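Q: Just passing along the structure, written as structure tokens.
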Amino acid sequence: MSHHKGISGKDQILKLARRKRVLRTSDLDEAGLSRELLRRLHAEGKLQRRARGIYVLPGLDLGEQQMLAEAARRIPHGVICLFTALRFHDLTTQNPADIWVAIDQRARAPHEPNLPLRIIRVSGVARTIGVTTHLIQRIPVPITDPAKTVVDCFKFRRIVGIDVAIEALRDALRTRRASVDDLWKFAEIDRVQRVMRPYLESAT
């Protein structure tokens, strides 16, 4: 519990949330503030829970788009991928808490405590091909195309889950966001033709 005089623990937490914009439970521990008060503020609707251990002030414009723009600004060589790209292209029913970003194998891992990042390391052409830059809040944000995103899900199926990859593949074909030709092309680049073949053949 906090020992600051004259200002309640709840007010201190809200003040910290305003300053940090994204408040983590670890920030409370560092400031010596109670997690119980955080839970109460959440129950009262004074803080919104964005993900496990991550809270923001309600009404603060920290929507998904702003999070993407912020990630692109801070990781100029990163590419929005996998779950976050699926969500951007409306190819998943899941709402990922983290922002999934692909960086080069040799790049230094970004340290951004205020952003819930999930870093994936990808080498060479597999990271740069099949990427389109979208302007979000005036910031250029590189995001993998629908076909490349689907194929990447098969490549990283142990992380995202094969069921997510199959669902995305079916949705991409059904909504014509990706063609079979494009999927095959990226399957070769990502070296997952063998894994994808049965699903592509049954879907066409």
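Please note that chains go A, B, ... in the order of the structure tokens, that every chain numbers its residues from 1, and that ligands are numbered from 1 in the order shown.
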How would you write, as a list in words, the set of residues in stretch 101-131 of chain A that DSSP gives as alpha helix (DSSP H)?

A: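 Written out, the alpha helix (DSSP H) residues of stretch 101-131 of chain A are Val125, Ala126, Arg127 and Thr128 of chain A.
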
Q: Please report, as CSV, each residue of stretch 65-182 of chain A lying at most 10 Å from stretch 192-199 of chain A, together with the nearest pair of atoms and the separation in Å rounded to one decimal; use only C-alpha atoms, and order rows by chain and ascending residue number.

A:
residue,atom,partner,partner_atom,distance
A:Val151,CA,A:Val192,CA,7.7
A:Asp152,CA,A:Val192,CA,8.9
A:Phe154,CA,A:Val192,CA,7.0
A:Lys155,CA,A:Val192,CA,6.2
A:Phe156,CA,A:Val192,CA,9.9
A:Arg157,CA,A:Val195,CA,10.0
A:Ala165,CA,A:Met196,CA,9.6
A:Ile166,CA,A:Tyr199,CA,7.3
A:Leu169,CA,A:Tyr199,CA,8.2
A:Arg170,CA,A:Tyr199,CA,8.8

Q: Compare A:Thr149, A:Gln66, A:Thr132, A:Gln12 by their minimum atom-to-atom distance to A:Thr92, counting only C-alpha atoms, and give me the closest one.

A: A:Thr149

Q: Skip A:Lys46 itself and residues of its chain fewer than 4 positions away, then list as a list in words all residues within 12 Å of it, counting only C-alpha atoms.

A: Lys10, Asp11, Ile13, Leu14, Lys15, Ala17, Arg18, Leu37, Leu38, Arg39, Arg40, Leu41, His42, Tyr55, Val56, Leu57, Pro58, Gly59 and Leu60 of chain A

Q: Would you write out those residues with N, CA and C atoms, as a CSV table (one decimal), in the first residue's frame?

A:
chain,number,residue,atom,x,y,z
A,10,LYS,N,-6.1,5.4,-5.0
A,10,LYS,CA,-6.8,5.4,-6.3
A,10,LYS,C,-6.4,6.5,-7.2
A,11,ASP,N,-6.3,7.7,-6.6
A,11,ASP,CA,-5.9,8.9,-7.4
A,11,ASP,C,-4.5,8.8,-7.9
A,13,ILE,N,-3.0,6.0,-8.7
A,13,ILE,CA,-3.1,5.0,-9.8
A,13,ILE,C,-3.6,5.7,-11.1
A,14,LEU,N,-4.6,6.5,-11.0
A,14,LEU,CA,-5.2,7.2,-12.1
A,14,LEU,C,-4.2,8.2,-12.7
A,15,LYS,N,-3.5,8.9,-11.8
A,15,LYS,CA,-2.4,9.9,-12.2
A,15,LYS,C,-1.3,9.1,-13.0
A,17,ALA,N,-1.7,6.3,-14.6
A,17,ALA,CA,-2.3,5.9,-15.8
A,17,ALA,C,-2.3,7.0,-16.9
A,18,ARG,N,-2.5,8.2,-16.4
A,18,ARG,CA,-2.5,9.4,-17.3
A,18,ARG,C,-1.1,9.6,-17.8
A,37,LEU,N,-6.6,-2.0,-5.4
A,37,LEU,CA,-7.2,-0.7,-5.8
A,37,LEU,C,-7.3,-0.7,-7.3
A,38,LEU,N,-6.4,-1.2,-8.0
A,38,LEU,CA,-6.5,-1.3,-9.5
A,38,LEU,C,-7.7,-2.1,-9.9
A,39,ARG,N,-7.9,-3.2,-9.2
A,39,ARG,CA,-9.1,-4.1,-9.5
A,39,ARG,C,-10.4,-3.3,-9.2
A,40,ARG,N,-10.4,-2.5,-8.1
A,40,ARG,CA,-11.6,-1.7,-7.8
A,40,ARG,C,-11.8,-0.6,-8.9
A,41,LEU,N,-10.8,0.0,-9.3
A,41,LEU,CA,-10.9,1.1,-10.3
A,41,LEU,C,-11.5,0.4,-11.6
A,42,HIS,N,-11.0,-0.8,-11.9
A,42,HIS,CA,-11.5,-1.5,-13.1
A,42,HIS,C,-13.0,-1.8,-12.9
A,55,TYR,N,-3.7,-1.9,-18.4
A,55,TYR,CA,-4.9,-1.1,-18.3
A,55,TYR,C,-4.7,0.2,-18.9
A,56,VAL,N,-5.8,0.8,-19.4
A,56,VAL,CA,-5.8,2.2,-20.0
A,56,VAL,C,-7.0,3.0,-19.4
A,57,LEU,N,-6.9,4.3,-19.5
A,57,LEU,CA,-8.0,5.1,-19.1
A,57,LEU,C,-9.1,5.0,-20.1
A,58,PRO,N,-10.4,4.9,-19.7
A,58,PRO,CA,-11.5,4.8,-20.7
A,58,PRO,C,-11.5,6.1,-21.5
A,59,GLY,N,-11.9,5.9,-22.8
A,59,GLY,CA,-12.0,7.1,-23.6
A,59,GLY,C,-10.7,7.6,-24.2
A,60,LEU,N,-9.6,7.1,-23.6
A,60,LEU,CA,-8.3,7.5,-24.1
A,60,LEU,C,-8.1,6.8,-25.5

Q: Taking 5 positions as the minimum chain separation for residues in the same chain, which residues sit within 10 Å of A:Ala109 when counting only C-alpha atoms? Answer as a PDB file with N, CA and C atoms, in the first residue's frame.

A:
ATOM      1  N   ILE A  75       9.247   0.967 -33.987  1.00  0.00           N
ATOM      2  CA  ILE A  75      10.044  -0.126 -34.571  1.00  0.00           C
ATOM      3  C   ILE A  75      10.016   0.055 -36.085  1.00  0.00           C
ATOM      4  N   ILE A 103      10.575  -8.941 -36.926  1.00  0.00           N
ATOM      5  CA  ILE A 103      11.820  -8.195 -37.125  1.00  0.00           C
ATOM      6  C   ILE A 103      12.871  -9.158 -37.669  1.00  0.00           C
ATOM      7  N   ASP A 104      13.942  -8.605 -38.193  1.00  0.00           N
ATOM      8  CA  ASP A 104      15.001  -9.438 -38.765  1.00  0.00           C
ATOM      9  C   ASP A 104      15.665 -10.284 -37.674  1.00  0.00           C
ATOM     10  N   ILE A 119       7.270 -10.208 -30.332  1.00  0.00           N
ATOM     11  CA  ILE A 119       8.263 -10.129 -31.407  1.00  0.00           C
ATOM     12  C   ILE A 119       8.500 -11.504 -32.025  1.00  0.00           C
ATOM     13  N   ILE A 120       8.454 -11.541 -33.359  1.00  0.00           N
ATOM     14  CA  ILE A 120       8.732 -12.766 -34.113  1.00  0.00           C
ATOM     15  C   ILE A 120       9.940 -12.472 -35.000  1.00  0.00           C
ATOM     16  N   ARG A 121      10.913 -13.362 -34.980  1.00  0.00           N
ATOM     17  CA  ARG A 121      12.110 -13.137 -35.809  1.00  0.00           C
ATOM     18  C   ARG A 121      11.991 -13.895 -37.132  1.00  0.00           C
TER      19      ARG A 121
END

Q: Residues near A:Gly124, anyone? I mean within 10 Å using only C-alpha atoms, not counting same-chain ones fewer than 4 positions away, as an NGL selection string.

A: :A and (104-105 or 128-129)

Q: Would you mind exporting the chosen residues as an mmCIF file, in the first residue's frame, restricted to C-alpha atoms?

A:
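Result file follows (again03.cif):
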data_model
loop_
_atom_site.group_PDB
_atom_site.id
_atom_site.type_symbol
_atom_site.label_atom_id
_atom_site.label_comp_id
_atom_site.auth_asym_id
_atom_site.auth_seq_id
_atom_site.Cartn_x
_atom_site.Cartn_y
_atom_site.Cartn_z
ATOM 1 C CA ASP A 104 15.001 -9.438 -38.765
ATOM 2 C CA GLN A 105 16.847 -12.356 -37.161
ATOM 3 C CA THR A 128 10.069 -8.222 -46.673
ATOM 4 C CA ILE A 129 7.901 -9.815 -49.389
#

Q: Need the shell around stretch 177-188 of chain A: protein/DNA/RNA residues with any atom at most 7 Å away, counting only C-alpha atoms. Skip same-chain ones fewer than 2 positions apart. Format as a ChimeraX atom specification?

A: /A:146-148,151,172-173,175,190-193

Q: Create the file for the chosen residues now, containing C-alpha atoms and written as a short mmCIF file (atom, residue, chain, number, x, y, z; two decimals), in the first residue's frame.

A:
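Once written, selection26.cif looks like this:
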data_model
loop_
_atom_site.label_atom_id
_atom_site.label_comp_id
_atom_site.auth_asym_id
_atom_site.auth_seq_id
_atom_site.Cartn_x
_atom_site.Cartn_y
_atom_site.Cartn_z
CA PRO A 146 -3.80 -11.30 -46.38
CA ALA A 147 -2.20 -14.17 -48.37
CA LYS A 148 1.21 -13.74 -46.69
CA VAL A 151 0.88 -18.54 -44.93
CA ALA A 172 -9.29 -15.55 -46.99
CA LEU A 173 -10.45 -17.78 -49.86
CA THR A 175 -13.93 -13.57 -48.97
CA ASP A 190 7.92 -19.69 -46.27
CA ARG A 191 8.69 -23.34 -47.16
CA VAL A 192 5.37 -24.70 -45.93
CA GLN A 193 4.00 -26.17 -49.20
#

Q: Compare A:Ala71, A:Glu201, A:Ala51, A:Leu82 by their minimum atom-to-atom distance to A:His111, counting only C-alpha atoms, and give me the closest one.

A: A:Ala71

Q: Could you give me, as a list in words, the residues within 12 Å of A:Arg138, counting only C-alpha atoms and dropping anything in the same chain fewer than 2 positions from it?

A: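 The residues that qualify are Gln65, Gln66, Leu68, Ala69, Glu70, Ala72, Arg73, Thr133, His134, Leu135, Ile136, Pro140 and Val141 of chain A.
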